[in-house]
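Raw final-v8.cif, mmCIF, C-alpha atoms (C1' of nucleotides):
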data_run
#
loop_
_atom_site.label_atom_id
_atom_site.label_comp_id
_atom_site.auth_asym_id
_atom_site.auth_seq_id
_atom_site.Cartn_x
_atom_site.Cartn_y
_atom_site.Cartn_z
CA MET A 1 170.12 119.45 128.58
CA PRO A 2 169.52 116.84 125.82
CA ARG A 3 167.83 117.96 122.65
CA ARG A 4 164.41 116.51 121.91
CA LYS A 5 163.60 114.79 118.65
CA THR A 6 160.52 116.96 118.13
CA GLU A 7 159.93 120.38 119.60
CA PRO A 8 157.22 120.38 122.27
CA ALA A 9 155.42 123.21 120.46
CA ALA A 10 155.32 121.27 117.19
CA GLU A 11 154.07 118.22 119.00
CA ALA A 12 151.30 120.24 120.61
CA ASN A 13 150.36 121.57 117.20
CA ARG A 14 150.01 118.07 115.78
CA ARG A 15 147.86 117.10 118.72
CA THR A 16 145.65 120.11 118.05
CA GLU A 17 145.34 119.12 114.39
CA VAL A 18 144.13 115.66 115.38
CA LEU A 19 141.72 117.21 117.85
CA ARG A 20 140.27 119.63 115.31
CA ALA A 21 139.93 116.98 112.61
CA ALA A 22 138.18 114.70 115.07
CA ALA A 23 135.84 117.47 116.22
CA ARG A 24 134.80 118.29 112.68
CA LEU A 25 134.26 114.65 111.71
CA PHE A 26 132.41 113.73 114.91
CA VAL A 27 129.98 116.56 114.25
CA GLU A 28 129.59 115.75 110.54
CA LYS A 29 129.29 111.98 110.67
CA GLY A 30 128.82 111.16 114.34
CA PHE A 31 131.28 109.51 116.73
CA GLU A 32 130.61 105.89 115.84
CA ALA A 33 130.55 106.47 112.08
CA THR A 34 133.89 108.27 112.18
CA THR A 35 136.88 105.92 112.02
CA THR A 36 140.25 106.67 113.52
CA ARG A 37 141.52 106.26 109.95
CA ASP A 38 139.24 109.12 108.81
CA ILE A 39 140.72 111.28 111.53
CA ALA A 40 144.30 110.31 110.68
CA GLU A 41 143.76 111.11 107.01
CA ALA A 42 142.13 114.45 107.77
CA ALA A 43 145.13 115.34 109.93
CA GLY A 44 147.56 114.16 107.23
CA MET A 45 148.86 111.15 109.16
CA ARG A 46 149.00 107.38 108.84
CA SER A 47 146.31 105.25 110.38
CA GLY A 48 148.08 104.40 113.62
CA SER A 49 149.38 107.86 114.45
CA PRO A 50 146.39 109.37 116.26
CA PHE A 51 147.11 106.81 118.99
CA TYR A 52 150.44 108.49 119.63
CA HIS A 53 148.51 111.56 120.79
CA PHE A 54 145.47 109.92 122.36
CA ARG A 55 145.18 106.65 124.20
CA SER A 56 141.93 105.63 122.52
CA LYS A 57 139.11 106.87 120.31
CA LEU A 58 137.04 107.44 123.46
CA ASP A 59 139.79 109.55 124.99
CA LEU A 60 139.77 111.63 121.83
CA LEU A 61 136.02 112.17 122.09
CA LYS A 62 136.33 113.22 125.71
CA ALA A 63 139.08 115.72 124.85
CA VAL A 64 137.11 117.14 121.92
CA ILE A 65 134.12 117.82 124.14
CA LEU A 66 135.97 119.16 127.19
CA GLU A 67 138.39 121.36 125.24
CA GLY A 68 135.61 122.56 122.94
CA LEU A 69 133.55 123.50 125.96
CA ALA A 70 136.48 125.35 127.50
CA ALA A 71 136.72 127.42 124.31
CA SER A 72 132.98 128.14 124.47
CA GLU A 73 133.38 129.31 128.06
CA ALA A 74 136.19 131.66 127.03
CA ARG A 75 134.02 133.12 124.27
CA GLN A 76 131.15 133.50 126.71
CA GLN A 77 133.27 135.33 129.28
CA ALA A 78 134.63 137.69 126.64
CA ALA A 79 131.09 138.42 125.46
CA ILE A 80 129.67 139.46 128.84
CA ALA A 81 132.70 141.07 130.48
CA GLY A 82 131.69 144.42 131.91
CA VAL A 83 128.08 144.16 130.74
CA ASP A 84 125.64 144.78 133.59
CA ASP A 85 122.21 145.28 132.05
CA PRO A 86 120.44 141.90 132.35
CA LEU A 87 118.70 142.02 128.98
CA ASP A 88 121.91 143.04 127.26
CA ARG A 89 123.72 140.22 129.04
CA LEU A 90 121.09 137.70 127.98
CA HIS A 91 121.37 138.81 124.40
CA ARG A 92 125.14 138.47 124.47
CA LEU A 93 125.00 135.05 126.10
CA VAL A 94 122.61 133.84 123.41
CA ARG A 95 124.67 135.33 120.60
CA ALA A 96 127.90 133.89 122.01
CA HIS A 97 126.34 130.44 122.28
CA LEU A 98 125.06 130.55 118.70
CA GLY A 99 128.53 131.65 117.69
CA SER A 100 130.03 128.61 119.37
CA LEU A 101 127.52 126.42 117.56
CA PHE A 102 127.88 127.83 114.07
CA GLU A 103 131.21 129.59 113.84
CA HIS A 104 133.08 126.34 113.90
CA ASP A 105 135.89 126.77 116.37
CA THR A 106 134.06 125.16 119.25
CA ASN A 107 131.27 122.69 118.82
CA ALA A 108 131.06 120.89 122.10
CA PRO A 109 127.28 121.30 122.50
CA LEU A 110 126.73 119.44 119.24
CA LEU A 111 128.37 116.38 120.73
CA ILE A 112 126.30 116.02 123.89
CA GLY A 113 124.42 113.19 122.27
CA GLU A 114 127.66 111.32 121.62
CA THR A 115 128.56 111.12 125.32
CA ARG A 116 126.55 107.89 125.40
CA ALA A 117 129.70 106.06 124.39
CA LEU A 118 131.74 107.36 127.35
CA ASP A 119 131.95 105.80 130.78
CA ALA A 120 130.04 107.18 133.75
CA ALA A 121 132.98 109.16 135.15
CA ALA A 122 133.62 110.98 131.87
CA ARG A 123 129.91 111.64 131.40
CA ARG A 124 129.72 113.14 134.88
CA GLN A 125 132.74 115.35 134.21
CA ILE A 126 131.16 116.64 131.00
CA ALA A 127 127.79 117.21 132.64
CA GLU A 128 129.47 119.27 135.34
CA ALA A 129 131.27 121.36 132.74
CA PHE A 130 127.98 122.07 130.99
CA ASP A 131 126.43 123.02 134.33
CA ARG A 132 129.23 125.52 134.95
CA TYR A 133 128.77 126.91 131.45
CA GLN A 134 125.15 127.67 132.26
CA ILE A 135 125.79 129.45 135.57
CA PRO A 136 125.89 132.91 133.94
CA TRP A 137 122.64 132.06 132.16
CA GLN A 138 120.86 131.28 135.39
CA GLN A 139 122.22 134.42 137.06
CA THR A 140 121.02 136.53 134.16
CA LEU A 141 117.58 134.94 134.11
CA ASP A 142 117.30 135.56 137.86
CA ALA A 143 118.24 139.20 137.31
CA LEU A 144 115.51 139.49 134.66
CA VAL A 145 112.99 138.21 137.21
CA ALA A 146 114.29 140.69 139.80
CA GLN A 147 113.63 143.59 137.44
CA GLY A 148 110.22 142.25 136.44
CA THR A 149 111.01 141.33 132.83
CA LEU A 150 110.34 137.66 133.50
CA THR A 151 107.81 136.13 135.87
CA SER A 152 109.84 133.10 136.85
CA ALA A 153 113.32 131.71 136.25
CA ALA A 154 112.88 128.23 137.65
CA PRO A 155 115.62 125.92 136.31
CA PRO A 156 113.53 124.39 133.50
CA LEU A 157 113.47 127.83 131.86
CA ARG A 158 117.24 127.74 131.46
CA LEU A 159 117.08 124.23 130.07
CA TRP A 160 114.34 125.14 127.60
CA LEU A 161 116.54 127.99 126.42
CA PHE A 162 119.64 125.81 126.17
CA GLY A 163 117.69 123.22 124.23
CA MET A 164 116.03 125.49 121.73
CA LEU A 165 119.39 127.05 120.90
CA ASN A 166 121.18 123.71 120.54
CA TRP A 167 118.43 122.23 118.41
CA SER A 168 118.82 125.08 115.92
CA THR A 169 121.74 123.10 114.50
CA HIS A 170 119.09 120.86 112.94
CA TRP A 171 117.40 123.63 110.95
CA TYR A 172 119.40 126.88 110.86
CA ARG A 173 121.74 127.40 107.89
CA PRO A 174 124.41 130.08 108.45
CA ASP A 175 124.61 130.67 104.70
CA GLY A 176 120.87 131.40 104.44
CA ALA A 177 118.95 134.66 104.56
CA MET A 178 118.85 134.92 108.35
CA THR A 179 122.02 136.21 110.02
CA LEU A 180 123.28 134.89 113.33
CA ASP A 181 122.42 138.25 114.89
CA ALA A 182 118.85 137.96 113.65
CA LEU A 183 118.71 134.39 114.96
CA ALA A 184 119.82 135.61 118.38
CA ASP A 185 117.18 138.37 118.31
CA SER A 186 114.54 135.79 117.45
CA ALA A 187 115.58 133.52 120.29
CA VAL A 188 115.48 136.34 122.83
CA ALA A 189 112.05 137.41 121.54
CA MET A 190 110.86 133.84 122.00
CA LEU A 191 112.08 133.80 125.59
CA LEU A 192 110.43 137.13 126.40
CA GLY A 193 107.17 135.95 124.85
CA GLN A 194 107.19 138.80 122.32
CA ALA A 195 104.93 140.72 124.59
CA PRO A 196 103.67 143.86 122.80
CA GLY A 197 105.26 147.06 124.06
CA MET B 1 94.30 77.90 97.76
CA PRO B 2 97.62 76.61 99.05
CA ARG B 3 98.37 76.94 102.72
CA ARG B 4 101.22 79.26 103.67
CA LYS B 5 104.05 78.15 105.89
CA THR B 6 103.57 81.12 108.20
CA GLU B 7 100.39 83.09 108.69
CA PRO B 8 100.63 86.64 107.30
CA ALA B 9 99.50 88.04 110.64
CA ALA B 10 102.23 86.19 112.51
CA GLU B 11 104.80 87.36 110.00
CA ALA B 12 103.69 90.96 110.45
CA ASN B 13 104.01 90.53 114.21
CA ARG B 14 107.60 89.34 113.88
CA ARG B 15 108.37 92.32 111.68
CA THR B 16 106.89 94.61 114.31
CA GLU B 17 109.00 92.98 117.00
CA VAL B 18 112.15 93.63 114.99
CA LEU B 19 111.03 97.21 114.41
CA ARG B 20 110.35 97.85 118.08
CA ALA B 21 113.60 96.28 119.21
CA ALA B 22 115.49 98.37 116.67
CA ALA B 23 113.71 101.58 117.72
CA ARG B 24 114.56 101.02 121.37
CA LEU B 25 118.19 100.18 120.69
CA PHE B 26 118.71 103.00 118.19
CA VAL B 27 117.49 105.48 120.80
CA GLU B 28 119.51 103.93 123.63
CA LYS B 29 122.82 103.34 121.88
CA GLY B 30 122.55 105.23 118.62
CA PHE B 31 122.20 103.82 115.11
CA GLU B 32 125.87 103.12 114.41
CA ALA B 33 126.58 101.61 117.79
CA THR B 34 123.66 99.20 117.49
CA THR B 35 124.51 96.02 115.63
CA THR B 36 122.02 93.97 113.65
CA ARG B 37 123.00 91.16 116.00
CA ASP B 38 121.84 93.27 118.99
CA ILE B 39 118.51 93.76 117.26
CA ALA B 40 118.16 90.09 116.39
CA GLU B 41 118.86 89.06 119.96
CA ALA B 42 116.41 91.60 121.39
CA ALA B 43 113.76 90.21 119.05
CA GLY B 44 114.63 86.61 119.98
CA MET B 45 116.07 85.66 116.61
CA ARG B 46 119.35 84.50 115.08
CA SER B 47 121.77 87.02 113.69
CA GLY B 48 120.76 86.78 110.04
CA SER B 49 117.01 86.86 110.54
CA PRO B 50 116.35 90.60 110.67
CA PHE B 51 117.37 90.63 107.01
CA TYR B 52 114.40 88.46 106.18
CA HIS B 53 112.17 91.37 107.23
CA PHE B 54 114.32 94.32 106.15
CA ARG B 55 116.64 94.63 103.19
CA SER B 56 119.38 96.42 105.16
CA LYS B 57 120.14 98.12 108.44
CA LEU B 58 119.50 101.47 106.75
CA ASP B 59 116.09 100.31 105.58
CA LEU B 60 115.32 99.39 109.16
CA LEU B 61 116.30 102.85 110.37
CA LYS B 62 114.12 104.48 107.76
CA ALA B 63 111.15 102.32 108.73
CA VAL B 64 111.66 103.01 112.45
CA ILE B 65 111.58 106.75 111.87
CA LEU B 66 108.71 106.88 109.36
CA GLU B 67 106.47 104.43 111.22
CA GLY B 68 107.28 106.06 114.55
CA LEU B 69 106.37 109.43 113.13
CA ALA B 70 103.10 108.05 111.76
CA ALA B 71 102.24 106.89 115.28
CA SER B 72 103.10 110.34 116.66
CA GLU B 73 100.80 111.92 114.10
CA ALA B 74 97.98 109.61 115.13
CA ARG B 75 98.47 110.55 118.77
CA GLN B 76 98.54 114.21 117.84
CA GLN B 77 95.29 114.01 115.87
CA ALA B 78 93.56 112.21 118.71
CA ALA B 79 94.75 114.88 121.14
CA ILE B 80 93.36 117.88 119.26
CA ALA B 81 90.23 116.43 117.66
CA GLY B 82 87.31 118.76 118.33
CA VAL B 83 89.40 121.25 120.31
CA ASP B 84 88.95 124.79 119.00
CA ASP B 85 90.41 127.14 121.60
CA PRO B 86 93.93 127.99 120.35
CA LEU B 87 95.59 127.98 123.77
CA ASP B 88 93.96 124.67 124.65
CA ARG B 89 95.07 123.26 121.32
CA LEU B 90 98.64 124.44 121.87
CA HIS B 91 98.71 122.82 125.26
CA ARG B 92 97.43 119.54 123.87
CA LEU B 93 99.92 119.58 120.99
CA VAL B 94 102.77 120.12 123.43
CA ARG B 95 101.54 117.40 125.78
CA ALA B 96 101.02 114.95 122.94
CA HIS B 97 104.51 115.59 121.64
CA LEU B 98 106.07 115.08 125.06
CA GLY B 99 104.03 111.91 125.31
CA SER B 100 105.51 110.66 122.05
CA LEU B 101 108.98 111.46 123.35
CA PHE B 102 108.72 109.89 126.79
CA GLU B 103 105.93 107.35 126.74
CA HIS B 104 107.97 104.99 124.65
CA ASP B 105 105.66 103.81 121.90
CA THR B 106 106.89 106.28 119.31
CA ASN B 107 110.26 107.91 119.41
CA ALA B 108 110.85 109.17 115.91
CA PRO B 109 111.91 112.69 116.97
CA LEU B 110 114.76 111.23 119.00
CA LEU B 111 116.23 109.77 115.84
CA ILE B 112 116.38 112.91 113.70
CA GLY B 113 120.10 113.11 114.35
CA GLU B 114 120.58 109.59 113.02
CA THR B 115 119.23 110.45 109.57
CA ARG B 116 122.77 111.48 108.64
CA ALA B 117 123.40 107.87 107.65
CA LEU B 118 120.52 107.77 105.15
CA ASP B 119 120.66 108.78 101.52
CA ALA B 120 119.31 112.11 100.29
CA ALA B 121 115.98 110.68 99.10
CA ALA B 122 115.20 109.09 102.46
CA ARG B 123 116.28 112.22 104.32
CA ARG B 124 113.97 114.31 102.19
CA GLN B 125 111.07 111.94 102.80
CA ILE B 126 111.63 112.13 106.54
CA ALA B 127 111.99 115.91 106.52
CA GLU B 128 108.67 116.20 104.66
CA ALA B 129 106.99 113.97 107.21
CA PHE B 130 108.27 116.16 110.03
CA ASP B 131 107.02 119.24 108.19
CA ARG B 132 103.55 117.70 107.92
CA TYR B 133 103.66 116.84 111.62
CA GLN B 134 104.22 120.49 112.45
CA ILE B 135 101.39 121.88 110.32
CA PRO B 136 98.90 121.90 113.22
CA TRP B 137 101.52 123.65 115.33
CA GLN B 138 101.88 126.49 112.85
CA GLN B 139 98.11 126.82 112.47
CA THR B 140 97.71 127.04 116.23
CA LEU B 141 100.50 129.60 116.62
CA ASP B 142 98.91 131.70 113.87
CA ALA B 143 95.57 131.51 115.70
CA LEU B 144 97.27 132.71 118.89
CA VAL B 145 98.59 135.72 116.99
CA ALA B 146 95.12 136.38 115.55
CA GLN B 147 93.65 136.54 119.05
CA GLY B 148 96.52 138.69 120.35
CA THR B 149 98.11 136.17 122.68
CA LEU B 150 101.32 136.16 120.66
CA THR B 151 102.91 139.05 118.78
CA SER B 152 104.38 137.03 115.94
CA ALA B 153 104.33 133.45 114.70
CA ALA B 154 107.05 133.62 112.07
CA PRO B 155 108.33 130.11 111.30
CA PRO B 156 111.38 130.26 113.59
CA LEU B 157 108.98 130.38 116.54
CA ARG B 158 107.63 126.95 115.64
CA LEU B 159 111.17 125.60 115.23
CA TRP B 160 112.27 127.03 118.58
CA LEU B 161 109.30 125.29 120.17
CA PHE B 162 109.98 122.00 118.40
CA GLY B 163 113.62 122.17 119.42
CA MET B 164 113.14 122.99 123.08
CA LEU B 165 110.71 120.10 123.43
CA ASN B 166 112.93 117.60 121.63
CA TRP B 167 116.01 118.63 123.60
CA SER B 168 114.20 117.85 126.84
CA THR B 169 115.14 114.22 126.20
CA HIS B 170 118.64 115.23 127.31
CA TRP B 171 117.57 116.43 130.77
CA TYR B 172 114.02 115.46 131.69
CA ARG B 173 113.56 112.22 133.64
CA PRO B 174 110.00 110.83 133.56
CA ASP B 175 110.58 109.09 136.89
CA GLY B 176 111.55 112.34 138.63
CA ALA B 177 109.53 114.83 140.63
CA MET B 178 108.11 116.71 137.64
CA THR B 179 105.23 115.06 135.83
CA LEU B 180 104.78 115.18 132.08
CA ASP B 181 101.77 117.44 132.58
CA ALA B 182 103.87 119.86 134.61
CA LEU B 183 106.57 119.73 131.94
CA ALA B 184 103.99 120.64 129.30
CA ASP B 185 102.74 123.51 131.46
CA SER B 186 106.28 124.78 131.82
CA ALA B 187 106.90 124.64 128.09
CA VAL B 188 103.74 126.56 127.30
CA ALA B 189 104.62 129.16 129.94
CA MET B 190 108.02 129.54 128.30
CA LEU B 191 106.41 130.14 124.92
CA LEU B 192 103.99 132.70 126.29
CA GLY B 193 106.81 134.51 128.07
CA GLN B 194 105.18 134.02 131.46
CA ALA B 195 103.74 137.49 131.16
CA PRO B 196 102.08 138.44 134.45
CA GLY B 197 98.29 138.32 134.32
"C1'" DC C 1 155.13 109.51 113.92
"C1'" DC C 2 155.37 105.30 110.33
"C1'" DT C 3 155.26 100.21 109.02
"C1'" DA C 4 153.14 96.16 109.36
"C1'" DC C 5 150.05 93.73 111.47
"C1'" DC C 6 146.33 91.28 114.56
"C1'" DG C 7 142.01 89.78 116.65
"C1'" DA C 8 137.42 90.93 116.75
"C1'" DT C 9 133.37 92.35 114.86
"C1'" DC C 10 130.20 93.75 111.48
"C1'" DG C 11 126.55 93.88 107.65
"C1'" DG C 12 124.98 90.90 104.70
"C1'" DT C 13 124.10 86.38 101.88
"C1'" DA C 14 123.30 81.44 99.99
"C1'" DG C 15 120.79 77.67 100.61
"C1'" DG C 16 117.62 75.30 102.80
"C1'" DC D 1 113.43 82.07 109.89
"C1'" DC D 2 118.08 79.26 110.86
"C1'" DT D 3 122.90 77.56 109.65
"C1'" DA D 4 127.13 78.56 108.20
"C1'" DC D 5 129.80 81.61 106.27
"C1'" DC D 6 132.44 85.63 103.79
"C1'" DG D 7 134.80 89.93 102.73
"C1'" DA D 8 135.65 94.18 104.62
"C1'" DT D 9 136.66 97.14 108.14
"C1'" DC D 10 137.82 98.64 112.59
"C1'" DG D 11 140.40 100.04 117.00
"C1'" DG D 12 144.53 99.32 118.60
"C1'" DT D 13 149.64 97.74 119.14
"C1'" DA D 14 154.80 96.38 118.73
"C1'" DG D 15 158.86 97.92 117.29
"C1'" DG D 16 161.50 101.10 115.38
#

Just dump the structure as structure tokens.
Amino acid sequence: MPRRKTEPAAEANRRTEVLRAAARLFVEKGFEATTTRDIAEAAGMRSGSPFYHFRSKLDLLKAVILEGLAASEARQQAAIAGVDDPLDRLHRLVRAHLGSLFEHDTNAPLLIGETRALDAAARRQIAEAFDRYQIPWQQTLDALVAQGTLTSAAPPLRLWLFGMLNWSTHWYRPDGAMTLDALADSAVAMLLGQAPG
Amino acid sequence: MPRRKTEPAAEANRRTEVLRAAARLFVEKGFEATTTRDIAEAAGMRSGSPFYHFRSKLDLLKAVILEGLAASEARQQAAIAGVDDPLDRLHRLVRAHLGSLFEHDTNAPLLIGETRALDAAARRQIAEAFDRYQIPWQQTLDALVAQGTLTSAAPPLRLWLFGMLNWSTHWYRPDGAMTLDALADSAVAMLLGQAPG
DNA sequence: CCTACCGATCGGTAGG
DNA sequence: CCTACCGATCGGTAGG
């Protein structure tokens, strides 16, 4: 077997570095305002090198979103594994989602707005991935209706929840007085209507 | 008194046309992806002409957001004038906000994400305007606590509400089965926790 | 993954 | 508000 110039593992690492740099910059400055040169520099490469790993800037955006979302799904599954109580599950789903938003490893939800730039096929693929991500949410909301904690779990409820959490990136500061746990508590209280008792 | 080449009223109209074209394009394609040439064309002008009305593309963005927000405030005031019942007021505030989002005349909230591009002074000015816009919301939420309809109206509650409404631009389609009135009803039900009775 | 480079486009301006 | 234009930057590529 012929030796390769670069080890496959090392090559994968470099790809991941480009991906992570792109994710951070897309979130900070937006997709259009980020240049492929910014990304190359942040990954410690020359300006043309990102194109060795990704066909185009759009391909890079698509990968950032889909792979970020896959990481969020993994975090979500780990958070609810073996948890049966619906209210407990809801709380863990909310906390896991806020973790994905603010704990930096996976920030796919922050980039939903940037999918504008992608073609219809890529947008559809991303929309489907987000739908799958929300399946456990809908199941949990349905369970809360079944036990009488909520009156209705029609689909808009899930979307209201998803939206209020995602929008928190515009006002919540992780380094402020409110912890992520407290933020999750607040969000759940909002959903339950803070009914006395 | 010397005659002017162009009437002041006509000149103001042209400025408004540029502003409206820019607002629509910024929302559709995003600030960075919209070129000043796109805006000029949409306003029926040559490529350099928008700069007769606005110093720079950034100035145009700032004006779109601040003037759009002023229009939203006017709509809000008209919606709640003379309405005292807190729940009725809340419902009208929500409906007015959804109207500003989807009924196309004023779309400032959609552009919050684009303020990244502006300098700190402009961002602060816009943030203050959004704070003022939400004052009636906080007052109404406090009144709902006073009458026992809500348990707490700590500031995050207002921000959750603002966020869930704004995020609806990512999923709600005005031409679908759900009317804007039904959407407002759903949002209010979400806030109140759909408590039975 | 780097060097060297290209064609296209962009925000903005001078002068009328 | 138009004409004509500029300097800078950008995504992407050939060839190694």

**Prompt:** Cα RMSD of chain B on chain A, all Cα atoms paired in order, least-squares fit?
**Reply:**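 Root-mean-square deviation of the C-alpha atoms: 0.1 Å.
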
**Request:** With a distance cut-off of 9 Å and all atoms listed in the file, select the neighbouring residues of Leu19 in chain B, excluding the residue or stretch itself and same-chain residues fewer than 4 positions from it, and output the selection as a count of residues only.
**Result:** 10

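A straight line drawn from C1' of DG11 in chain C to CA of Ser49 in chain A is 27.6 Å long.
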
**Prompt:** For this file, the PyMOL selection byres ((chain B) within 8 of (chain C)) selects which residues, as a ChimeraX atom specification?
**Reply:** /B:35-36,48,51,56-57

With C-alpha atoms retained, could you export that selection as an mmCIF file, in the frame of the given file?
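Saved file selection.cif follows:
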data_model
loop_
_atom_site.group_PDB
_atom_site.id
_atom_site.type_symbol
_atom_site.label_atom_id
_atom_site.label_comp_id
_atom_site.auth_asym_id
_atom_site.auth_seq_id
_atom_site.Cartn_x
_atom_site.Cartn_y
_atom_site.Cartn_z
ATOM 1 C CA THR B 35 124.510 96.020 115.630
ATOM 2 C CA THR B 36 122.020 93.970 113.650
ATOM 3 C CA GLY B 48 120.760 86.780 110.040
ATOM 4 C CA PHE B 51 117.370 90.630 107.010
ATOM 5 C CA SER B 56 119.380 96.420 105.160
ATOM 6 C CA LYS B 57 120.140 98.120 108.440
#

**Residue neighbourhood Pro156 in chain A, 9 Å, only C-alpha atoms (C1' of nucleotides), exclusion window fewer than 3 positions, as a list in words** =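 The residues satisfying every condition are Ala153, Leu159, Trp160 and Leu161 of chain A; Leu183, Ser186 and Ala187 of chain B.
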